[in-house]
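*Asks:* Starting off with a structure, shown below.
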Amino acid sequence: MANKALRFTSRAQRGSSKRYFVIDDPSWCAAALLLVLTLSSSAFFIDQTQLVYLCVVDGMLLLHGCYLRGKLMSLIKLFVVQLLVTCCLYLLMQQSDRMLEGVLAVCRLLLAAIPGWWLAMSCSPERIAEVLNWVMPVKWAFVVAASISLLPFFSREIQEIYAIQRMRGANISAKALRNPRHWPELVHCILVPLLIQLLKLAKQMANAAKLRQFDQRQKTTFWRY
Amino acid sequence: MGTSALVELKQVGLAYSSRQDAVLDGVDLALRAGECHLITGATGSGKSTLLGIIAGVVSRPITGELYTQAVVGMVMQDPQVQILRQTVGAEIAFVLENMAVEPSKMLVRVQHALRAVGLWVSLETPVDSLSLGQKYRLMLAAQLVCEPDVLLLDEPWAQLDDLGVVELSAVLKSLLARGIAIVIVEHQPQAFADFYSHCWHLHQGQLSKQASLFAVSQPKRYRPVQCAKQRQLLIEAPAFSLQFTDGNCLFKCAGLQLFSGELVTLVGSNGAGKSTLLKTLLGAQADIVQVPIKVLGKRPKLGGFGQQLMMLFQRPSRQLFETTVLQELCFSLKRFNLPLERATSMLQRLGLSHLSEHSPHTLSYGQQHLIAIASLLCLQPKILLLDDPFAGLDDDYCQQVVALLNEEQQRGCGIVLASHRALPQLQVDRQWQIQAQYLSGGQLEVDQVG
């Protein structure tokens with residue numbers, strides 16, 4: 001299995017409950033990481049006239065990510081929220097004629113986020129950890145990989161805590177949040193319990209890793225199947 | 001140390017601070033090959049801490065002596081928080097990677113561990129697609145793959161449905177026959193009564209040997225007083241299918257009804273769709289095909305019922321965020337313009353008035369659980385949805401929760417309580433049972449309605 005450069009699986013093979021990572025070889029994973037780093041940093045550094053080329057490349061990654069059953073909704077939500085917040089800040093702190101600059105900045109952020117989203121769809125966290133392990137200590141590589149694999153849990157946790165606090169009467173509906181007076185409530189009701197949960201989770205995951213001999217040896221090997 | 005003991009604790013003690021009583025105080029325990037030790041004790045009595053000490057994951061200094069010449073494996077309470085990888089094979093192989101086992105030798109060991117726990121899934125199966133019971137067995141496989149001499153299990157009963165417990169028991173019996181020592185801490189030790197060799201009770205830091213299980217945990221019968229039915233229809237739905245937008249159907253149902261003053265249990269195995277149904281009733285489940293359910297005469301919408309519909313989610317401590325217990329209870333009362341005195345009277349009812357100025361995050365698991373329930377009940381909702389409210393609670397806390405539910409039921413609140421097994425200790429009006437992708441018992445018979 002390890003000698004295969006890329007392992008492609010058809011949609012029919014993947015089935016409804018299974019998801020396979022299309023890039024399974026460490027060398028290809030390293031190439032994907034480099035590509036992602038290049039594209040994401042380009043989003044901030046390249047000239048405005050060159051952005052269209054980046055849009056085309058990111059568009060292709062989006063299509064491929066969707067084919068791999070990635071969900072676009074999280075990206076769309078991120079973009080919309082970022083756009084709203086940025087536009088409000090520009091309205092409050094700058095003149096309205098500079099609004100376009102704000103929109104452009106948000107577009108650059110989105111273009112920087114898309115390659116990372118695609119990487120999460122196409123490479124498994126353990127393979128990313130293996131590649132990162134070439135250039136950083138095992139502990140750091142594990143933390144990066146664990147953080148990537150935590151993203152779905154993180155997203156579910158936000159949704160549930162949001163539902164709980166909405167039910168309890170918190171003024172955090174989309175309509176209520178149009179009023180900046182309610183923004184502190186969002187931080188208070190959602191971010192505080194979320195942070196507490198994440199701290200607890202980090203401790204429990206650290207224990208789970210310790211129970212499985214993590215960081216006991218200098219040398220580690222990697223699962224290849 | 002006895003020659004055959006794999007692990008031995010002598011006068012082990014642990015305290016979190018000098019101002020607090022010791023969690024463990026002079027604990028003696030010896031584990032030998034092929035022994036199964038059951039440890040019971042109230043919520044917060046230190047059972048999980050004891051396991052943590054044996055497993056070597058407690059970072060605080062302990063007093064006394066701990067001898068070990070064994071490889072110790074431990075499965076913690078919640079399998080969800082122990083998952084470190086995304087596929088079944090990679091998850092089990094994690095420990096082998098850390099032990100620097102040759103990749104070519106991993107496959108056989110991983111497959112062997114998977115078979116040992118009776119989990120017949122592909123190595124590439126995403127961990128997310130497994131049920132909670134399957135995840136628990138996956139965690140067990142992730143420990144067995146490094147061939148431990150001692151296996152520690154933290155409250156497996158609460159995480160598993162009845163079938164899961166039967167399957168786990170079969171696995172544990174085979175491990176005992178292979179000479180592995182097992183320690184299980186559990187509020188419901190009867191579930192493992194047919195193969196334990198030693199039984200202990202942990203109370204006020206002291207571990208005392210029990211002659212039998214029934215000396216430790218007397219089966220309790222909770223008997224809420226039946227209230228007079230007022231027969232206001234709170235939830236109604238004609239026949240429907242509960243299915244996700246991706247086409248995955250959870251179950252079909254001939255119809256649902258919930259009347260005021262009714263206590264209904266929603267029973268089904270892990271992954272049957274209990275939590276999804278409750279969230280659908282609340283209007284908090286986004287990725288399902290629209291269902292023709294009416295709650296209080298309206299289509300469910302999150303936040304659309306004010307204080308009339310409340311739900312206790314799993315791990316209810318997640319909802320706590322205020323700086324004091326009293327503020328936590330007052331939060332929703334303020335938002336819904338209800339009298340704040342209800343918060344203090346609720347704390348009095350629970351006997352927790354002395355904690356009103358404490359931070360909810362410093363309370364024990366059971367106290368946090370009660371505060372979370374109390375913060376919903378002081379709103380006096382018409383409908384109360386509870387998702388596995390007894391998980392991780394000992395008999396005393398369970399009794400307190402039942403007493404609260406009983407009072408709500410008498411007030412006329414309609415209650416739906418989800419659990420992965422029937423609750424014989426709780427006197428309920430009806431049971432909604434999800435089995436073979438069908439929810440039965442959702443509607444009252446015609447003659448019962450009158």
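Letters A, B, ... go to the chains of the structure tokens in the order shown; residues in each chain start at 1; ligands are counted from 1 in the same order.
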If we count only C-alpha atoms and set the cut-off at 10 Å, which residues sit around Leu132 of chain A, ignoring sequence neighbours fewer than 3 positions away in its own chain? Please answer as a list in words.
*Replies:* Pro26, Cys29, Ala30, Leu33, Glu126, Arg127, Ile128, Ala129, Val135, Met136, Pro137, Val138, Trp140, Ala141, Phe142, Val144 and Ala145 of chain A
*Asks:* What residues in chain A have any atom no more than 8 Å from chain B when counting only C-alpha atoms, and can you write them as a PyMOL selection string?
*Replies:* chain A and resi 17-20+124-126+146+149+161+163-170+188-189+192-194+197+201+204-205+207-217+219-225
*Asks:* Filtering to N, CA and C atoms, could you give me those residues as a CSV table (one decimal), in the first residue's frame?
*Replies:*
```
chain,number,residue,atom,x,y,z
A,17,SER,N,-21.3,5.8,4.6
A,17,SER,CA,-20.7,6.1,5.9
A,17,SER,C,-19.2,6.2,5.9
A,18,LYS,N,-18.6,5.9,4.8
A,18,LYS,CA,-17.1,5.8,4.7
A,18,LYS,C,-16.5,7.0,4.0
A,19,ARG,N,-15.4,7.5,4.5
A,19,ARG,CA,-14.7,8.6,3.8
A,19,ARG,C,-13.3,8.2,3.7
A,20,TYR,N,-12.7,8.2,2.6
A,20,TYR,CA,-11.3,7.9,2.5
A,20,TYR,C,-10.5,9.1,2.1
A,124,SER,N,-5.1,12.6,5.5
A,124,SER,CA,-5.5,12.2,6.9
A,124,SER,C,-4.6,13.0,7.8
A,125,PRO,N,-5.1,13.3,9.0
A,125,PRO,CA,-4.2,14.0,10.0
A,125,PRO,C,-3.0,13.2,10.4
A,126,GLU,N,-3.1,11.9,10.4
A,126,GLU,CA,-1.9,11.1,10.8
A,126,GLU,C,-0.8,11.2,9.7
A,146,ALA,N,-3.7,16.6,15.8
A,146,ALA,CA,-4.9,16.4,16.7
A,146,ALA,C,-5.8,17.7,16.5
A,149,SER,N,-7.8,17.2,13.4
A,149,SER,CA,-8.9,16.2,13.6
A,149,SER,C,-10.0,16.6,14.6
A,161,ILE,N,-23.7,24.1,21.9
A,161,ILE,CA,-23.7,25.1,22.9
A,161,ILE,C,-24.6,26.3,22.5
A,163,ALA,N,-27.2,26.1,20.5
A,163,ALA,CA,-28.6,25.7,20.6
A,163,ALA,C,-29.1,25.8,22.1
A,164,ILE,N,-28.2,25.3,23.0
A,164,ILE,CA,-28.5,25.3,24.4
A,164,ILE,C,-28.8,26.7,24.9
A,165,GLN,N,-27.9,27.7,24.5
A,165,GLN,CA,-28.0,29.0,25.1
A,165,GLN,C,-29.2,29.8,24.4
A,166,ARG,N,-29.4,29.5,23.1
A,166,ARG,CA,-30.6,30.1,22.5
A,166,ARG,C,-31.8,29.7,23.2
A,167,MET,N,-31.9,28.4,23.5
A,167,MET,CA,-33.1,27.8,24.2
A,167,MET,C,-33.2,28.5,25.5
A,168,ARG,N,-32.1,28.8,26.2
A,168,ARG,CA,-32.2,29.4,27.5
A,168,ARG,C,-32.4,30.9,27.5
A,169,GLY,N,-32.6,31.4,26.3
A,169,GLY,CA,-33.1,32.8,26.2
A,169,GLY,C,-32.0,33.8,25.9
A,170,ALA,N,-30.8,33.3,25.6
A,170,ALA,CA,-29.7,34.3,25.3
A,170,ALA,C,-30.0,35.0,24.0
A,188,HIS,N,-19.9,35.7,26.0
A,188,HIS,CA,-20.2,35.3,27.3
A,188,HIS,C,-20.8,33.9,27.3
A,189,CYS,N,-21.8,33.7,26.5
A,189,CYS,CA,-22.6,32.4,26.5
A,189,CYS,C,-22.0,31.3,25.7
A,192,VAL,N,-17.1,31.3,26.3
A,192,VAL,CA,-16.6,30.9,27.6
A,192,VAL,C,-16.9,29.4,27.8
A,193,PRO,N,-18.1,28.9,27.7
A,193,PRO,CA,-18.3,27.5,27.9
A,193,PRO,C,-17.5,26.6,26.9
A,194,LEU,N,-17.4,27.2,25.6
A,194,LEU,CA,-16.6,26.5,24.6
A,194,LEU,C,-15.1,26.3,25.0
A,197,GLN,N,-14.8,23.8,27.7
A,197,GLN,CA,-14.9,22.4,27.1
A,197,GLN,C,-13.6,22.1,26.4
A,201,LEU,N,-11.2,19.0,27.2
A,201,LEU,CA,-10.9,18.1,26.1
A,201,LEU,C,-9.4,17.9,25.9
A,204,GLN,N,-8.1,15.7,28.6
A,204,GLN,CA,-8.5,14.3,28.4
A,204,GLN,C,-7.8,13.7,27.2
A,205,MET,N,-7.6,14.4,26.2
A,205,MET,CA,-6.8,13.9,25.0
A,205,MET,C,-5.4,13.7,25.4
A,207,ASN,N,-4.3,12.9,28.3
A,207,ASN,CA,-4.3,11.6,29.1
A,207,ASN,C,-4.4,10.4,28.2
A,208,ALA,N,-5.4,10.5,27.2
A,208,ALA,CA,-5.6,9.4,26.3
A,208,ALA,C,-4.3,9.1,25.6
A,209,ALA,N,-3.6,10.1,25.2
A,209,ALA,CA,-2.3,9.9,24.4
A,209,ALA,C,-1.3,9.3,25.4
A,210,LYS,N,-1.2,9.8,26.6
A,210,LYS,CA,-0.2,9.3,27.6
A,210,LYS,C,-0.5,7.8,27.9
A,211,LEU,N,-1.8,7.5,28.0
A,211,LEU,CA,-2.2,6.1,28.2
A,211,LEU,C,-1.7,5.1,27.1
A,212,ARG,N,-1.5,5.7,25.9
A,212,ARG,CA,-1.1,4.9,24.8
A,212,ARG,C,0.4,5.2,24.4
A,213,GLN,N,1.2,5.4,25.5
A,213,GLN,CA,2.6,5.4,25.4
A,213,GLN,C,3.2,6.6,24.6
A,214,PHE,N,2.4,7.6,24.4
A,214,PHE,CA,2.8,8.8,23.6
A,214,PHE,C,4.0,9.5,24.3
A,215,ASP,N,5.0,9.8,23.5
A,215,ASP,CA,6.2,10.6,24.0
A,215,ASP,C,7.0,9.8,25.0
A,216,GLN,N,7.0,8.4,24.9
A,216,GLN,CA,7.8,7.6,25.7
A,216,GLN,C,9.1,7.3,25.1
A,217,ARG,N,9.1,7.3,23.7
A,217,ARG,CA,10.3,7.0,23.0
A,217,ARG,C,10.7,8.1,22.0
A,219,LYS,N,12.0,7.6,19.0
A,219,LYS,CA,11.7,7.2,17.6
A,219,LYS,C,10.3,6.6,17.6
A,220,THR,N,9.5,7.0,16.6
A,220,THR,CA,8.2,6.4,16.4
A,220,THR,C,8.1,5.9,15.0
A,221,THR,N,7.1,5.0,14.8
A,221,THR,CA,6.9,4.5,13.4
A,221,THR,C,5.5,5.0,13.0
A,222,PHE,N,5.0,4.7,11.8
A,222,PHE,CA,3.7,5.2,11.3
A,222,PHE,C,2.9,4.1,10.7
A,223,TRP,N,1.6,4.1,10.9
A,223,TRP,CA,0.6,3.2,10.4
A,223,TRP,C,0.5,3.5,8.9
A,224,ARG,N,0.6,2.4,8.1
A,224,ARG,CA,0.7,2.6,6.6
A,224,ARG,C,-0.5,2.0,5.9
A,225,TYR,N,-1.6,1.5,6.5
A,225,TYR,CA,-2.6,0.8,5.8
A,225,TYR,C,-3.9,1.5,5.6
```
*Asks:* Between atom CA of Leu140 of chain B and atom CA of Leu31 of chain B, what is the distance in Å, rounded to a tenth?
*Replies:* 19.2 Å
*Asks:* Just asking: which residues within segment 332-396 of chain B are alpha helix (DSSP H) according to DSSP, as a list of chain:residue names?
*Replies:* B:Ser332, B:Leu333, B:Lys334, B:Arg335, B:Glu341, B:Arg342, B:Ala343, B:Thr344, B:Ser345, B:Met346, B:Leu347, B:Gln348, B:Arg349, B:Leu350, B:Tyr365, B:Gly366, B:Gln367, B:Gln368, B:His369, B:Leu370, B:Ile371, B:Ala372, B:Ile373, B:Ala374, B:Ser375, B:Leu376, B:Leu377, B:Asp395, B:Asp396
*Asks:* Between atom CA of Leu172 of chain B and atom CA of Ala436 of chain B, what is the distance in Å, rounded to a tenth?
*Replies:*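 For atom CA of Leu172 of chain B relative to atom CA of Ala436 of chain B, the distance reads 27.2 Å.
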*Asks:* Which residues are close to segment 51-65 of chain A, i.e. within 7 Å by only C-alpha atoms, leaving aside same-chain residues fewer than 6 positions away? Reply as a list in words.
*Replies:*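 Here the qualifying residues turn out to be Leu111, Ile114, Pro115, Trp118 and Met121 of chain A.
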*Asks:* Residues of the last selection are to be written out with N, CA and C atoms, as a JSON list (two decimals), in the first residue's frame.
*Replies:*
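Everything below was put into part_29.json:
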```json
[["chain", "number", "residue", "atom", "x", "y", "z"],
["A", 111, "LEU", "N", -9.55, 33.16, 0.29],
["A", 111, "LEU", "CA", -8.62, 32.48, -0.63],
["A", 111, "LEU", "C", -7.50, 31.78, 0.14],
["A", 114, "ILE", "N", -9.23, 28.43, 1.78],
["A", 114, "ILE", "CA", -9.67, 27.32, 0.91],
["A", 114, "ILE", "C", -8.61, 26.21, 0.79],
["A", 115, "PRO", "N", -7.32, 26.51, 0.56],
["A", 115, "PRO", "CA", -6.35, 25.42, 0.46],
["A", 115, "PRO", "C", -6.28, 24.56, 1.73],
["A", 118, "TRP", "N", -9.18, 22.24, 1.78],
["A", 118, "TRP", "CA", -8.96, 21.14, 0.83],
["A", 118, "TRP", "C", -7.99, 20.11, 1.41],
["A", 121, "MET", "N", -9.61, 17.75, 3.66],
["A", 121, "MET", "CA", -10.46, 16.79, 2.95],
["A", 121, "MET", "C", -9.63, 15.68, 2.32]]
```
*Asks:* List as a PyMOL selection string the protein and nucleic acid residues near Leu186 of chain A, meaning an atom at most 9 Å away when only C-alpha atoms are counted, but skip any in the same chain fewer than 3 places from it.
*Replies:* chain A and resi 162+170-172+177+182-183+189-191
*Asks:* Go ahead and write the selection's residues with N, CA and C atoms as a PDB file, in the first residue's frame.
*Replies:*
```pdb
ATOM      1  N   TYR A 162     -24.525  26.628  21.181  1.00  0.00           N
ATOM      2  CA  TYR A 162     -25.360  27.710  20.656  1.00  0.00           C
ATOM      3  C   TYR A 162     -26.843  27.365  20.849  1.00  0.00           C
ATOM      4  N   ALA A 170     -30.767  33.322  25.578  1.00  0.00           N
ATOM      5  CA  ALA A 170     -29.679  34.264  25.261  1.00  0.00           C
ATOM      6  C   ALA A 170     -30.008  35.022  23.973  1.00  0.00           C
ATOM      7  N   ASN A 171     -29.641  36.289  23.957  1.00  0.00           N
ATOM      8  CA  ASN A 171     -29.916  37.126  22.776  1.00  0.00           C
ATOM      9  C   ASN A 171     -28.814  36.953  21.740  1.00  0.00           C
ATOM     10  N   ILE A 172     -28.815  35.781  21.126  1.00  0.00           N
ATOM     11  CA  ILE A 172     -27.731  35.492  20.180  1.00  0.00           C
ATOM     12  C   ILE A 172     -28.267  34.988  18.841  1.00  0.00           C
ATOM     13  N   LEU A 177     -28.275  39.646  16.951  1.00  0.00           N
ATOM     14  CA  LEU A 177     -26.870  40.043  16.794  1.00  0.00           C
ATOM     15  C   LEU A 177     -26.686  41.207  15.820  1.00  0.00           C
ATOM     16  N   HIS A 182     -25.668  43.204  21.802  1.00  0.00           N
ATOM     17  CA  HIS A 182     -25.768  41.783  22.155  1.00  0.00           C
ATOM     18  C   HIS A 182     -24.500  40.993  21.865  1.00  0.00           C
ATOM     19  N   TRP A 183     -23.509  41.630  21.245  1.00  0.00           N
ATOM     20  CA  TRP A 183     -22.295  40.879  20.907  1.00  0.00           C
ATOM     21  C   TRP A 183     -21.575  40.331  22.143  1.00  0.00           C
ATOM     22  N   CYS A 189     -21.810  33.675  26.489  1.00  0.00           N
ATOM     23  CA  CYS A 189     -22.594  32.431  26.515  1.00  0.00           C
ATOM     24  C   CYS A 189     -21.982  31.323  25.684  1.00  0.00           C
ATOM     25  N   ILE A 190     -21.292  31.664  24.629  1.00  0.00           N
ATOM     26  CA  ILE A 190     -20.791  30.625  23.720  1.00  0.00           C
ATOM     27  C   ILE A 190     -19.290  30.405  23.914  1.00  0.00           C
ATOM     28  N   LEU A 191     -18.521  31.487  23.846  1.00  0.00           N
ATOM     29  CA  LEU A 191     -17.069  31.307  23.860  1.00  0.00           C
ATOM     30  C   LEU A 191     -16.549  30.831  25.209  1.00  0.00           C
TER      31      LEU A 191
END
```
*Asks:* Can you list, as a PyMOL selection string, every residue of segment 154-388 of chain B that DSSP puts in strand (DSSP E or B)?
*Replies:* chain B and resi 154+181-185+198-203+206-209+222+233-237+240-244+249-253+256-259+263-268+288+294-295+298+309-312+383-387
*Asks:* Could you tell me how far atom CA of Gly26 of chain B sits from atom CA of Ala193 of chain B, in Å to one decimal place?
*Replies:*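 Going from atom CA of Ala193 of chain B over to atom CA of Gly26 of chain B covers 26.7 Å.
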*Asks:* What lies within 12 Å of Lys173 of chain B using only C-alpha atoms, ignoring chain neighbours under 6 positions off, as a list of chain:residue names?
*Replies:*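 Residues near the query, excluding close chain neighbours: B:Gly34, B:Glu35, B:Cys36, B:Ala116, B:Val117, B:Val166, B:Glu167, B:Gly179, B:Ile180, B:Ala181, B:Ile182, B:Phe192, B:Ala193, B:Asp194, B:Phe195, B:Tyr196, B:Ser197.
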*Asks:* Within 8 Å of Leu110 of chain A, counting only C-alpha atoms, which residues qualify if same-chain residues fewer than 3 places away don't, as a list in words?
*Replies:*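 In the requested form, the answer reads Leu75, Phe79, Val106, Cys107, Ala113 and Ile114 of chain A.
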*Asks:* Would you kindly return, as a PyMOL selection string, each protein, DNA or RNA residue with an atom no farther than 8 Å from any atom of segment 418-433 of chain B, considering only C-alpha atoms and excluding same-chain residues fewer than 4 positions away?
*Replies:* chain B and resi 160-162+220-224+262-270+274-275+385-389+402+438-442
